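Visitor: The following file, entry_4.pdb, comprises PDB, C-alpha atoms and all ligand atoms:
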```
ATOM      1  CA  MET A 244     -87.740  -9.242  17.805
ATOM      2  CA  GLY A 245     -86.872 -11.558  20.696
ATOM      3  CA  LYS A 246     -83.971 -13.898  21.319
ATOM      4  CA  VAL A 247     -84.474 -17.645  20.927
ATOM      5  CA  PHE A 248     -82.072 -20.404  21.929
ATOM      6  CA  ILE A 249     -82.370 -23.780  20.159
ATOM      7  CA  THR A 250     -80.515 -26.444  22.097
ATOM      8  CA  ARG A 251     -79.605 -28.641  19.087
ATOM      9  CA  ARG A 252     -79.625 -28.519  15.292
ATOM     10  CA  ILE A 253     -83.175 -29.315  14.114
ATOM     11  CA  PRO A 254     -84.615 -29.415  10.575
ATOM     12  CA  SER A 255     -84.034 -26.055   8.862
ATOM     13  CA  ILE A 256     -87.753 -25.516   8.293
ATOM     14  CA  GLY A 257     -88.122 -24.749  12.021
ATOM     15  CA  ILE A 258     -84.978 -22.632  12.292
ATOM     16  CA  GLU A 259     -85.848 -20.537   9.224
ATOM     17  CA  ARG A 260     -89.392 -19.983  10.450
ATOM     18  CA  LEU A 261     -88.037 -18.625  13.734
ATOM     19  CA  GLN A 262     -85.322 -16.566  12.016
ATOM     20  CA  ALA A 263     -88.041 -14.699  10.099
ATOM     21  CA  HIS A 264     -89.237 -13.275  13.439
ATOM     22  CA  HIS A 265     -86.456 -13.535  15.983
ATOM     23  CA  GLN A 266     -82.754 -13.557  16.630
ATOM     24  CA  VAL A 267     -81.913 -17.253  16.742
ATOM     25  CA  ASP A 268     -78.958 -18.941  18.418
ATOM     26  CA  VAL A 269     -78.552 -22.665  17.623
ATOM     27  CA  TRP A 270     -76.266 -24.877  19.716
ATOM     28  CA  PRO A 271     -74.084 -26.492  17.036
ATOM     29  CA  GLY A 272     -72.852 -29.541  18.994
ATOM     30  CA  GLU A 273     -73.936 -33.141  18.486
ATOM     31  CA  ASP A 274     -73.975 -33.486  22.269
ATOM     32  CA  PRO A 275     -76.254 -31.443  24.514
ATOM     33  CA  PRO A 276     -74.917 -28.077  25.664
ATOM     34  CA  PRO A 277     -73.294 -28.520  29.089
ATOM     35  CA  ARG A 278     -75.369 -27.107  31.947
ATOM     36  CA  GLU A 279     -73.212 -23.951  32.383
ATOM     37  CA  VAL A 280     -73.435 -23.282  28.656
ATOM     38  CA  LEU A 281     -77.200 -23.742  28.679
ATOM     39  CA  LEU A 282     -77.507 -21.354  31.631
ATOM     40  CA  ASP A 283     -75.412 -18.814  29.782
ATOM     41  CA  ARG A 284     -76.972 -19.142  26.317
ATOM     42  CA  VAL A 285     -80.589 -18.754  27.546
ATOM     43  CA  ARG A 286     -79.807 -15.405  29.224
ATOM     44  CA  GLY A 287     -82.266 -12.765  27.954
ATOM     45  CA  CYS A 288     -84.120 -15.252  25.719
ATOM     46  CA  SER A 289     -87.845 -14.916  25.083
ATOM     47  CA  GLY A 290     -88.016 -18.493  23.849
ATOM     48  CA  ILE A 291     -86.197 -21.786  24.378
ATOM     49  CA  LEU A 292     -86.582 -24.637  21.901
ATOM     50  CA  SER A 293     -85.490 -27.708  23.816
ATOM     51  CA  ILE A 294     -84.808 -31.373  23.147
ATOM     52  CA  LEU A 295     -86.222 -34.123  25.356
ATOM     53  CA  SER A 296     -82.854 -34.675  27.050
ATOM     54  CA  ASP A 297     -82.413 -31.037  28.176
ATOM     55  CA  PRO A 298     -83.639 -30.568  31.743
ATOM     56  CA  ILE A 299     -85.463 -27.226  31.661
ATOM     57  CA  ASP A 300     -86.026 -26.378  35.310
ATOM     58  CA  SER A 301     -86.558 -23.254  37.409
ATOM     59  CA  GLN A 302     -82.839 -22.426  37.367
ATOM     60  CA  ILE A 303     -82.793 -22.354  33.567
ATOM     61  CA  MET A 304     -85.986 -20.278  33.510
ATOM     62  CA  ASP A 305     -84.507 -17.812  36.008
ATOM     63  CA  ALA A 306     -81.318 -17.631  33.966
ATOM     64  CA  ALA A 307     -83.396 -16.685  30.929
ATOM     65  CA  GLY A 308     -85.031 -14.006  33.057
ATOM     66  CA  GLU A 309     -88.082 -11.821  32.678
ATOM     67  CA  ALA A 310     -88.120 -11.910  28.891
ATOM     68  CA  LEU A 311     -88.945 -15.636  28.803
ATOM     69  CA  ARG A 312     -92.382 -16.289  27.286
ATOM     70  CA  GLY A 313     -92.257 -19.832  25.975
ATOM     71  CA  ILE A 314     -90.494 -23.192  26.080
ATOM     72  CA  ALA A 315     -91.187 -25.383  23.060
ATOM     73  CA  ASN A 316     -90.111 -28.997  23.352
ATOM     74  CA  PHE A 317     -89.066 -30.751  20.154
ATOM     75  CA  ALA A 318     -90.983 -33.867  21.289
ATOM     76  CA  VAL A 319     -94.420 -34.981  22.300
ATOM     77  CA  GLY A 320     -93.169 -35.975  25.780
ATOM     78  CA  TYR A 321     -92.249 -33.063  28.026
ATOM     79  CA  ASN A 322     -91.118 -34.735  31.257
ATOM     80  CA  ASN A 323     -87.799 -32.855  30.932
ATOM     81  CA  ILE A 324     -89.593 -29.543  31.573
ATOM     82  CA  ASP A 325     -90.715 -28.389  35.010
ATOM     83  CA  VAL A 326     -94.184 -27.341  33.892
ATOM     84  CA  SER A 327     -95.219 -26.030  37.323
ATOM     85  CA  ALA A 328     -92.120 -23.813  37.480
ATOM     86  CA  ALA A 329     -93.038 -22.500  34.026
ATOM     87  CA  LYS A 330     -96.618 -21.917  35.109
ATOM     88  CA  ALA A 331     -95.450 -20.035  38.200
ATOM     89  CA  ARG A 332     -93.516 -17.697  35.872
ATOM     90  CA  SER A 333     -96.364 -17.423  33.313
ATOM     91  CA  VAL A 334     -94.152 -19.107  30.730
ATOM     92  CA  GLN A 335     -96.016 -21.240  28.177
ATOM     93  CA  VAL A 336     -94.865 -24.792  27.448
ATOM     94  CA  GLY A 337     -95.542 -26.601  24.177
ATOM     95  CA  ASN A 338     -94.950 -29.974  22.564
ATOM     96  CA  THR A 339     -95.435 -31.656  19.178
ATOM     97  CA  PRO A 340     -98.370 -34.093  19.433
ATOM     98  CA  GLY A 341     -99.770 -36.101  16.537
ATOM     99  CA  VAL A 342     -97.050 -35.724  13.921
ATOM    100  CA  LEU A 343     -94.843 -38.516  15.242
ATOM    101  CA  THR A 344     -97.643 -40.967  15.982
ATOM    102  CA  ASN A 345     -97.200 -43.102  12.863
ATOM    103  CA  ALA A 346     -93.399 -43.029  12.949
ATOM    104  CA  THR A 347     -93.320 -44.161  16.584
ATOM    105  CA  ALA A 348     -96.045 -46.772  16.146
ATOM    106  CA  ASP A 349     -94.076 -48.266  13.235
ATOM    107  CA  ILE A 350     -90.972 -48.542  15.415
ATOM    108  CA  ALA A 351     -93.005 -50.254  18.164
ATOM    109  CA  VAL A 352     -94.320 -52.799  15.646
ATOM    110  CA  GLY A 353     -90.795 -53.266  14.285
ATOM    111  CA  LEU A 354     -89.467 -53.930  17.769
ATOM    112  CA  ILE A 355     -92.238 -56.418  18.531
ATOM    113  CA  LEU A 356     -91.369 -58.375  15.407
ATOM    114  CA  ALA A 357     -87.613 -58.011  15.762
ATOM    115  CA  ALA A 358     -87.491 -58.972  19.448
ATOM    116  CA  GLY A 359     -90.101 -61.707  19.077
ATOM    117  CA  ARG A 360     -88.323 -63.244  16.056
ATOM    118  CA  CYS A 361     -84.769 -63.032  17.468
ATOM    119  CA  PHE A 362     -83.402 -60.505  14.948
ATOM    120  CA  GLY A 363     -80.666 -59.485  17.439
ATOM    121  CA  PRO A 364     -78.990 -62.901  17.833
ATOM    122  CA  ALA A 365     -79.658 -63.747  14.161
ATOM    123  CA  ILE A 366     -77.969 -60.576  12.853
ATOM    124  CA  HIS A 367     -75.078 -61.125  15.267
ATOM    125  CA  ASN A 368     -74.723 -64.655  13.899
ATOM    126  CA  VAL A 369     -74.340 -63.391  10.323
ATOM    127  CA  GLU A 370     -72.039 -60.511  11.260
ATOM    128  CA  LYS A 371     -69.717 -62.797  13.246
ATOM    129  CA  LEU A 372     -69.483 -65.282  10.323
ATOM    130  CA  GLN A 373     -71.142 -67.954  12.458
ATOM    131  CA  TRP A 374     -73.845 -68.819   9.912
ATOM    132  CA  ARG A 375     -72.881 -72.334   8.881
ATOM    133  CA  ASN A 376     -76.098 -73.950   7.710
ATOM    134  CA  TRP A 377     -79.869 -73.926   8.008
ATOM    135  CA  GLU A 378     -80.540 -74.829  11.615
ATOM    136  CA  PRO A 379     -83.888 -76.431  12.496
ATOM    137  CA  MET A 380     -83.623 -75.627  16.201
ATOM    138  CA  ARG A 381     -82.094 -72.139  16.325
ATOM    139  CA  PHE A 382     -83.575 -68.650  16.474
ATOM    140  CA  LEU A 383     -87.032 -69.963  17.274
ATOM    141  CA  GLY A 384     -89.308 -67.000  17.898
ATOM    142  CA  GLN A 385     -92.932 -66.177  18.542
ATOM    143  CA  GLU A 386     -95.927 -65.809  16.227
ATOM    144  CA  PHE A 387     -98.436 -63.031  16.799
ATOM    145  CA  GLU A 388    -101.446 -63.783  14.619
ATOM    146  CA  GLY A 389    -104.580 -63.987  16.787
ATOM    147  CA  LYS A 390    -102.652 -63.464  20.049
ATOM    148  CA  THR A 391    -103.296 -60.827  22.724
ATOM    149  CA  LEU A 392    -101.760 -57.364  22.642
ATOM    150  CA  GLY A 393    -101.562 -55.290  25.840
ATOM    151  CA  ILE A 394    -101.203 -51.544  25.362
ATOM    152  CA  ILE A 395    -100.098 -49.610  28.440
ATOM    153  CA  GLY A 396    -101.357 -46.069  27.789
ATOM    154  CA  MET A 397    -103.984 -45.883  25.043
ATOM    155  CA  GLY A 398    -103.156 -42.440  23.692
ATOM    156  CA  ARG A 399    -102.502 -41.593  20.033
ATOM    157  CA  ILE A 400     -99.432 -43.826  19.676
ATOM    158  CA  GLY A 401    -100.915 -46.724  21.648
ATOM    159  CA  MET A 402    -103.988 -46.542  19.434
ATOM    160  CA  ALA A 403    -101.885 -46.512  16.240
ATOM    161  CA  VAL A 404    -100.013 -49.632  17.392
ATOM    162  CA  ALA A 405    -103.270 -51.346  18.355
ATOM    163  CA  LYS A 406    -104.783 -50.516  14.939
ATOM    164  CA  ARG A 407    -101.802 -51.971  13.121
ATOM    165  CA  LEU A 408    -101.795 -55.208  15.111
ATOM    166  CA  HIS A 409    -105.542 -55.699  15.412
ATOM    167  CA  GLY A 410    -105.966 -55.036  11.695
ATOM    168  CA  GLY A 411    -102.831 -56.820  10.521
ATOM    169  CA  TRP A 412    -102.369 -59.725  12.905
ATOM    170  CA  ASP A 413    -105.933 -59.954  14.162
ATOM    171  CA  MET A 414    -104.721 -59.471  17.724
ATOM    172  CA  ARG A 415    -107.119 -59.111  20.639
ATOM    173  CA  VAL A 416    -106.452 -55.740  22.278
ATOM    174  CA  LEU A 417    -106.338 -55.059  26.015
ATOM    175  CA  TYR A 418    -105.297 -51.676  27.340
ATOM    176  CA  THR A 419    -104.824 -49.531  30.401
ATOM    177  CA  SER A 420    -105.758 -45.884  30.413
ATOM    178  CA  ARG A 421    -106.820 -43.296  32.960
ATOM    179  CA  GLN A 422    -110.144 -42.777  31.198
ATOM    180  CA  PRO A 423    -112.485 -45.282  29.526
ATOM    181  CA  LYS A 424    -112.244 -45.092  25.709
ATOM    182  CA  PRO A 425    -115.601 -46.301  24.346
ATOM    183  CA  GLN A 426    -114.613 -45.426  20.779
ATOM    184  CA  VAL A 427    -111.458 -47.550  21.004
ATOM    185  CA  ASP A 428    -113.447 -50.409  22.542
ATOM    186  CA  GLN A 429    -115.850 -50.268  19.633
ATOM    187  CA  GLN A 430    -113.357 -49.715  16.817
ATOM    188  CA  LEU A 431    -110.846 -52.356  17.900
ATOM    189  CA  ALA A 432    -113.041 -54.657  19.975
ATOM    190  CA  ALA A 433    -110.658 -53.665  22.772
ATOM    191  CA  SER A 434    -111.094 -53.942  26.542
ATOM    192  CA  ARG A 435    -109.808 -51.573  29.206
ATOM    193  CA  VAL A 436    -108.405 -53.650  32.073
ATOM    194  CA  GLU A 437    -106.240 -53.270  35.177
ATOM    195  CA  LEU A 438    -102.480 -53.466  34.653
ATOM    196  CA  GLY A 439    -102.197 -56.847  36.418
ATOM    197  CA  GLU A 440    -104.767 -58.437  34.121
ATOM    198  CA  LEU A 441    -103.162 -56.913  31.041
ATOM    199  CA  LEU A 442     -99.758 -58.314  32.014
ATOM    200  CA  SER A 443    -100.990 -61.797  32.788
ATOM    201  CA  GLN A 444    -103.090 -62.130  29.615
ATOM    202  CA  SER A 445    -100.954 -60.448  26.955
ATOM    203  CA  ASP A 446     -98.519 -62.138  24.586
ATOM    204  CA  VAL A 447     -97.140 -58.724  23.619
ATOM    205  CA  VAL A 448     -96.996 -55.741  25.968
ATOM    206  CA  SER A 449     -96.253 -52.351  24.424
ATOM    207  CA  ILE A 450     -95.663 -49.263  26.578
ATOM    208  CA  HIS A 451     -97.056 -45.886  25.445
ATOM    209  CA  CYS A 452     -97.767 -43.931  28.628
ATOM    210  CA  PRO A 453     -96.091 -40.622  29.463
ATOM    211  CA  LEU A 454     -93.446 -40.564  32.197
ATOM    212  CA  THR A 455     -95.014 -39.218  35.399
ATOM    213  CA  ALA A 456     -94.582 -39.892  39.113
ATOM    214  CA  GLU A 457     -97.167 -42.712  38.723
ATOM    215  CA  THR A 458     -95.542 -44.391  35.737
ATOM    216  CA  ARG A 459     -91.892 -44.255  36.876
ATOM    217  CA  ASN A 460     -90.792 -47.896  37.397
ATOM    218  CA  LEU A 461     -94.318 -49.055  36.556
ATOM    219  CA  ILE A 462     -92.849 -52.310  35.243
ATOM    220  CA  GLY A 463     -90.672 -53.897  37.911
ATOM    221  CA  THR A 464     -90.036 -57.365  39.325
ATOM    222  CA  ASP A 465     -93.638 -58.017  40.422
ATOM    223  CA  GLN A 466     -95.099 -56.908  37.104
ATOM    224  CA  LEU A 467     -92.582 -58.913  35.055
ATOM    225  CA  GLN A 468     -93.429 -61.914  37.227
ATOM    226  CA  ARG A 469     -97.040 -61.692  36.077
ATOM    227  CA  MET A 470     -96.165 -61.816  32.376
ATOM    228  CA  LYS A 471     -96.282 -64.977  30.260
ATOM    229  CA  PRO A 472     -92.937 -66.758  29.718
ATOM    230  CA  HIS A 473     -93.237 -66.303  25.944
ATOM    231  CA  ALA A 474     -94.283 -62.638  26.170
ATOM    232  CA  VAL A 475     -92.511 -59.815  24.351
ATOM    233  CA  LEU A 476     -92.193 -56.442  26.099
ATOM    234  CA  VAL A 477     -91.654 -53.284  24.038
ATOM    235  CA  ASN A 478     -91.038 -49.730  25.214
ATOM    236  CA  THR A 479     -91.094 -46.717  22.897
ATOM    237  CA  ALA A 480     -92.231 -44.241  25.602
ATOM    238  CA  ARG A 481     -89.645 -43.371  28.264
ATOM    239  CA  GLY A 482     -86.943 -45.621  29.713
ATOM    240  CA  GLU A 483     -87.835 -44.762  33.300
ATOM    241  CA  VAL A 484     -91.175 -46.595  33.001
ATOM    242  CA  ILE A 485     -89.273 -49.899  33.274
ATOM    243  CA  ASP A 486     -87.011 -50.932  36.140
ATOM    244  CA  GLN A 487     -84.119 -51.992  33.915
ATOM    245  CA  ALA A 488     -82.351 -54.106  36.559
ATOM    246  CA  ALA A 489     -85.571 -56.066  37.069
ATOM    247  CA  LEU A 490     -85.958 -56.503  33.300
ATOM    248  CA  ALA A 491     -82.370 -57.752  32.923
ATOM    249  CA  GLN A 492     -83.001 -60.259  35.713
ATOM    250  CA  ALA A 493     -86.314 -61.423  34.200
ATOM    251  CA  LEU A 494     -84.695 -61.918  30.776
ATOM    252  CA  SER A 495     -81.699 -63.768  32.186
ATOM    253  CA  GLU A 496     -84.036 -66.104  34.088
ATOM    254  CA  ARG A 497     -86.178 -66.517  30.932
ATOM    255  CA  ARG A 498     -89.252 -65.249  32.786
ATOM    256  CA  ILE A 499     -90.270 -63.417  29.610
ATOM    257  CA  PHE A 500     -89.192 -64.189  26.054
ATOM    258  CA  ALA A 501     -87.695 -60.919  24.843
ATOM    259  CA  ALA A 502     -87.733 -57.149  25.066
ATOM    260  CA  GLY A 503     -87.418 -54.385  22.488
ATOM    261  CA  LEU A 504     -86.470 -50.955  23.771
ATOM    262  CA  ASP A 505     -86.320 -47.709  21.835
ATOM    263  CA  VAL A 506     -85.800 -45.838  25.105
ATOM    264  CA  THR A 507     -83.605 -46.523  28.123
ATOM    265  CA  THR A 508     -82.465 -44.832  31.274
ATOM    266  CA  PRO A 509     -80.069 -43.173  31.033
ATOM    267  CA  GLU A 510     -79.763 -42.384  27.328
ATOM    268  CA  PRO A 511     -77.429 -43.535  25.997
ATOM    269  CA  ILE A 512     -77.681 -46.718  28.053
ATOM    270  CA  ALA A 513     -74.783 -47.148  30.510
ATOM    271  CA  PRO A 514     -71.890 -49.225  29.102
ATOM    272  CA  GLY A 515     -72.137 -51.662  32.038
ATOM    273  CA  ASP A 516     -75.905 -52.145  31.865
ATOM    274  CA  PRO A 517     -76.554 -55.908  31.613
ATOM    275  CA  LEU A 518     -79.291 -55.277  29.025
ATOM    276  CA  ARG A 519     -76.615 -54.188  26.532
ATOM    277  CA  HIS A 520     -75.241 -57.710  26.388
ATOM    278  CA  CYS A 521     -78.488 -59.580  26.783
ATOM    279  CA  PRO A 522     -79.255 -61.447  23.519
ATOM    280  CA  GLN A 523     -83.018 -61.331  24.132
ATOM    281  CA  CYS A 524     -83.020 -57.553  24.474
ATOM    282  CA  LEU A 525     -82.971 -55.464  21.317
ATOM    283  CA  ILE A 526     -82.111 -51.814  21.895
ATOM    284  CA  LEU A 527     -82.501 -48.871  19.509
ATOM    285  CA  PRO A 528     -81.112 -45.370  20.170
ATOM    286  CA  HIS A 529     -84.492 -43.608  20.668
ATOM    287  CA  ILE A 530     -85.432 -43.355  16.982
ATOM    288  CA  GLY A 531     -89.230 -43.563  17.326
ATOM    289  CA  SER A 532     -89.849 -40.209  15.634
ATOM    290  CA  ALA A 533     -86.848 -40.395  13.306
ATOM    291  CA  THR A 534     -88.461 -39.947   9.898
ATOM    292  CA  GLU A 535     -87.905 -36.872   7.748
ATOM    293  CA  HIS A 536     -91.625 -36.214   7.701
ATOM    294  CA  ALA A 537     -92.080 -36.391  11.469
ATOM    295  CA  ARG A 538     -88.973 -34.399  12.335
ATOM    296  CA  ASN A 539     -89.824 -31.616   9.836
ATOM    297  CA  GLN A 540     -93.312 -31.346  11.290
ATOM    298  CA  MET A 541     -91.943 -31.354  14.826
ATOM    299  CA  ALA A 542     -89.586 -28.495  13.922
ATOM    300  CA  SER A 543     -92.424 -26.453  12.393
ATOM    301  CA  MET A 544     -94.725 -27.019  15.343
ATOM    302  CA  ALA A 545     -92.074 -26.101  17.890
ATOM    303  CA  ALA A 546     -91.301 -22.922  15.913
ATOM    304  CA  GLU A 547     -94.999 -22.001  15.727
ATOM    305  CA  ASN A 548     -95.325 -22.573  19.457
ATOM    306  CA  LEU A 549     -92.513 -20.127  20.209
ATOM    307  CA  ILE A 550     -93.651 -17.511  17.689
ATOM    308  CA  ALA A 551     -97.119 -17.513  19.268
ATOM    309  CA  ALA A 552     -95.865 -17.415  22.862
ATOM    310  CA  ILE A 553     -93.400 -14.604  22.211
ATOM    311  CA  SER A 554     -96.094 -12.496  20.584
ATOM    312  CA  GLY A 555     -98.335 -13.021  23.619
ATOM    313  CA  LYS A 556    -100.715 -15.517  21.985
ATOM    314  CA  PRO A 557    -101.534 -19.017  23.230
ATOM    315  CA  MET A 558     -99.262 -21.690  21.769
ATOM    316  CA  PRO A 559    -101.124 -23.723  19.114
ATOM    317  CA  PHE A 560     -99.716 -26.900  20.680
ATOM    318  CA  GLY A 561     -99.498 -25.855  24.320
ATOM    319  CA  VAL A 562     -99.550 -28.382  27.133
ATOM    320  CA  GLY A 563    -102.135 -26.367  29.015
ATOM    321  CA  LEU A 564    -101.161 -23.947  31.722
TER     322      LEU A 564
HETATM  323  C1  LIG B   1     -91.106 -37.742  21.911
HETATM  324  O1  LIG B   1     -91.483 -36.953  21.039
HETATM  325  O2  LIG B   1     -91.453 -37.631  23.080
HETATM  326  C2  LIG B   1     -90.234 -38.880  21.468
HETATM  327  O3  LIG B   1     -89.745 -39.604  22.520
HETATM  328  C3  LIG B   1     -89.104 -38.390  20.586
HETATM  329  O4  LIG B   1     -89.595 -37.915  19.434
END
```
Now that the file is in, can you turn its structure into structure tokens?
Ligand code: DGY
Guide:
Amino acid sequence: MGKVFITRRIPSIGIERLQAHHQVDVWPGEDPPPREVLLDRVRGCSGILSILSDPIDSQIMDAAGEALRGIANFAVGYNNIDVSAAKARSVQVGNTPGVLTNATADIAVGLILAAGRCFGPAIHNVEKLQWRNWEPMRFLGQEFEGKTLGIIGMGRIGMAVAKRLHGGWDMRVLYTSRQPKPQVDQQLAASRVELGELLSQSDVVSIHCPLTAETRNLIGTDQLQRMKPHAVLVNTARGEVIDQAALAQALSERRIFAAGLDVTTPEPIAPGDPLRHCPQCLILPHIGSATEHARNQMASMAAENLIAAISGKPMPFGVGL
């Protein structure tokens, strides 16, 4: 039996699965454990089950010590984990791919519609008792049928969004990806293009790439400049992919129509960030995977990852050491 630290309360299915094999310590707070607490609680652990906002670096791994066998992230993204430091210590790293694809794709589609059809200002209008009559010239949004969708990062989630919008709204699909995707091209009549072309041709741009050194601030002033003035930009990946100051500027100058963000940097978004008060920017508190189904599956997968790693087997959902 090893010791496992879980950095936040997760669905009980994952905790109970781990408790059947290991001694489990769950951080009970709503907020992340402070750094000193994290360093202390991981001491002697064979496994750490982390949340995407916990930075799991070499110091945390060293604090856990020699017993550490696996780090299982309760997320598909794992940019919070120093994978090379884990590799150097022969510690396996795992994530939860696949099970949150539909949940996240649905949120991306929701944000496209909500941002493009001015849900933010319209809801504000009702809440503030400003709805006086039917107004022919207010809350005029965009239509999407037959328009062009640009997917940045055609992985599982990008593909699920493209399927929904190609099938539902008959949108033409452009995408960027490191590798050609002949099956996607065939299935969705999609075309892989350079980022510049995608930005200048798309009416909707939806971000689905992982956060890496190459994708940090991928969308800044120059890229926003290339977009159409009626375009809608949506991000359900990681906040750091967009330069938020540049986005706030572009929205205030009406260089694009609207943005919908499920992710920001930092999270939560800073109180003084101009995007918080920008009517054309709709912000959600990172709820892409927030369905019971997805979160239960994520908990099970993370538990299975740790159980395997601690018993010396490869994680079933390892990120490849
Ligand atoms: C992930 O899994 O990476 C999402 O951002 C949260 O579920």
Visitor: Nearest to ligand LIG 1 (chain B) among A:Lys556, A:Arg375, A:His451, A:Arg407, with distances taken over all atoms listed in the file: which residue is it?
Guide: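 Ranked by minimum distance to ligand LIG 1 (chain B), first place goes to A:His451.
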Visitor: Could you list the residues chosen by the PyMOL selection byres (((not hetatm)) within 9 of (chain B and resi 1)) in this structure as a list in words?
Guide: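 What the PyMOL selection byres (((not hetatm)) within 9 of (chain B and resi 1)) grabs from the file is Ile294, Leu295, Asn316, Phe317, Ala318, Val319, Gly320, Tyr321, Asn322, Asn338, Thr339, Pro340, Leu343, Thr344, Thr347, Pro453, Thr479, Ala480, Arg481, Asp505, Val506, His529, Ile530, Gly531, Ser532, Ala533, Ala537, Arg538 and Met541 of chain A.
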Visitor: Tell me, in Å to one decimal, how far CA of His409 (chain A) is from CA of Leu431 (chain A).
Guide: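 Separation of CA of His409 (chain A) and CA of Leu431 (chain A): 6.7 Å.
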Visitor: Would you kindly return, as a list in words, each protein, DNA or RNA residue with an atom no farther than 10 Å from any atom of Met558 (chain A), considering only C-alpha atoms and excluding same-chain residues fewer than 3 positions away?
Guide: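 The residues that qualify are Gly313, Ile314, Ala315, Gln335, Val336, Gly337, Asn338, Met544, Ala545, Ala546, Glu547, Asn548, Leu549, Ile550, Ala551, Ala552, Ile553, Ser554, Gly555, Gly561, Val562 and Gly563 of chain A.
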Visitor: Name all residues at most 8 Å from Ala357 (chain A) (count all atoms listed in the file; drop same-chain ones fewer than 5 positions away) and give them as a VMD selection string.
Guide: chain A and resid 362 to 363 503 525
Visitor: Rounded to one decimal place, report the CA of Ile395 (chain A)-CA of Ala491 (chain A) distance in Å.
Guide: 20.0 Å
Visitor: Looking at A:Ser449, A:Asn368, A:Ser301, A:Gln487, which one is nearest to Leu354 (chain A), with distances taken over only C-alpha atoms?
Guide: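 Smallest distance to Leu354 (chain A) is found for A:Ser449.
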Visitor: Which neighbours of region 258-273 of chain A fall inside 10 Å, counting only C-alpha atoms, when residues of the same chain fewer than 2 positions from it are skipped, and could you give them as an MDAnalysis selection string?
Guide: chainID A and resid 244:256 275:276 280:281 284:285 288:292 542:543 545:547 549:550 553:554
Visitor: Could you work out how far CA of Ala433 (chain A) lies from CA of Ala348 (chain A), giving the answer in Å with one decimal?
Guide: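 Between CA of Ala348 (chain A) and CA of Ala433 (chain A) the gap is 17.5 Å.
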Visitor: Might you spell out which residues the PyMOL selection byres (((chain A and resi 514-521) around 10) and not hetatm) would select in the displayed file, as a PyMOL selection string?
Guide: chain A and resi 363-364+487-488+490-492+494-495+501-502+504+507-509+511-513+522-526
Visitor: Filtering to C-alpha atoms, could you give me those residues as a CSV table (one decimal), in the frame of the given file?
Guide:
```csv
chain,number,residue,atom,x,y,z
A,363,GLY,CA,-80.7,-59.5,17.4
A,364,PRO,CA,-79.0,-62.9,17.8
A,487,GLN,CA,-84.1,-52.0,33.9
A,488,ALA,CA,-82.4,-54.1,36.6
A,490,LEU,CA,-86.0,-56.5,33.3
A,491,ALA,CA,-82.4,-57.8,32.9
A,492,GLN,CA,-83.0,-60.3,35.7
A,494,LEU,CA,-84.7,-61.9,30.8
A,495,SER,CA,-81.7,-63.8,32.2
A,501,ALA,CA,-87.7,-60.9,24.8
A,502,ALA,CA,-87.7,-57.1,25.1
A,504,LEU,CA,-86.5,-51.0,23.8
A,507,THR,CA,-83.6,-46.5,28.1
A,508,THR,CA,-82.5,-44.8,31.3
A,509,PRO,CA,-80.1,-43.2,31.0
A,511,PRO,CA,-77.4,-43.5,26.0
A,512,ILE,CA,-77.7,-46.7,28.1
A,513,ALA,CA,-74.8,-47.1,30.5
A,522,PRO,CA,-79.3,-61.4,23.5
A,523,GLN,CA,-83.0,-61.3,24.1
A,524,CYS,CA,-83.0,-57.6,24.5
A,525,LEU,CA,-83.0,-55.5,21.3
A,526,ILE,CA,-82.1,-51.8,21.9
```
Visitor: I'd like the residues picked by the PyMOL selection byres (((chain A and resi 441) around 10) and not hetatm) written out as a PDB file with C-alpha atoms, keeping the file's coordinate frame, using the chain letters and numbers from the file.
Guide:
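The new file part-v3.pdb reads:
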```pdb
ATOM      1  CA  THR A 391    -103.296 -60.827  22.724  1.00  0.00           C
ATOM      2  CA  LEU A 392    -101.760 -57.364  22.642  1.00  0.00           C
ATOM      3  CA  GLY A 393    -101.562 -55.290  25.840  1.00  0.00           C
ATOM      4  CA  ILE A 394    -101.203 -51.544  25.362  1.00  0.00           C
ATOM      5  CA  ILE A 395    -100.098 -49.610  28.440  1.00  0.00           C
ATOM      6  CA  VAL A 416    -106.452 -55.740  22.278  1.00  0.00           C
ATOM      7  CA  LEU A 417    -106.338 -55.059  26.015  1.00  0.00           C
ATOM      8  CA  TYR A 418    -105.297 -51.676  27.340  1.00  0.00           C
ATOM      9  CA  THR A 419    -104.824 -49.531  30.401  1.00  0.00           C
ATOM     10  CA  SER A 434    -111.094 -53.942  26.542  1.00  0.00           C
ATOM     11  CA  ARG A 435    -109.808 -51.573  29.206  1.00  0.00           C
ATOM     12  CA  VAL A 436    -108.405 -53.650  32.073  1.00  0.00           C
ATOM     13  CA  GLU A 437    -106.240 -53.270  35.177  1.00  0.00           C
ATOM     14  CA  LEU A 438    -102.480 -53.466  34.653  1.00  0.00           C
ATOM     15  CA  GLY A 439    -102.197 -56.847  36.418  1.00  0.00           C
ATOM     16  CA  GLU A 440    -104.767 -58.437  34.121  1.00  0.00           C
ATOM     17  CA  LEU A 442     -99.758 -58.314  32.014  1.00  0.00           C
ATOM     18  CA  SER A 443    -100.990 -61.797  32.788  1.00  0.00           C
ATOM     19  CA  GLN A 444    -103.090 -62.130  29.615  1.00  0.00           C
ATOM     20  CA  SER A 445    -100.954 -60.448  26.955  1.00  0.00           C
ATOM     21  CA  ASP A 446     -98.519 -62.138  24.586  1.00  0.00           C
ATOM     22  CA  VAL A 447     -97.140 -58.724  23.619  1.00  0.00           C
ATOM     23  CA  VAL A 448     -96.996 -55.741  25.968  1.00  0.00           C
ATOM     24  CA  ARG A 469     -97.040 -61.692  36.077  1.00  0.00           C
ATOM     25  CA  MET A 470     -96.165 -61.816  32.376  1.00  0.00           C
TER      26      MET A 470
END
```
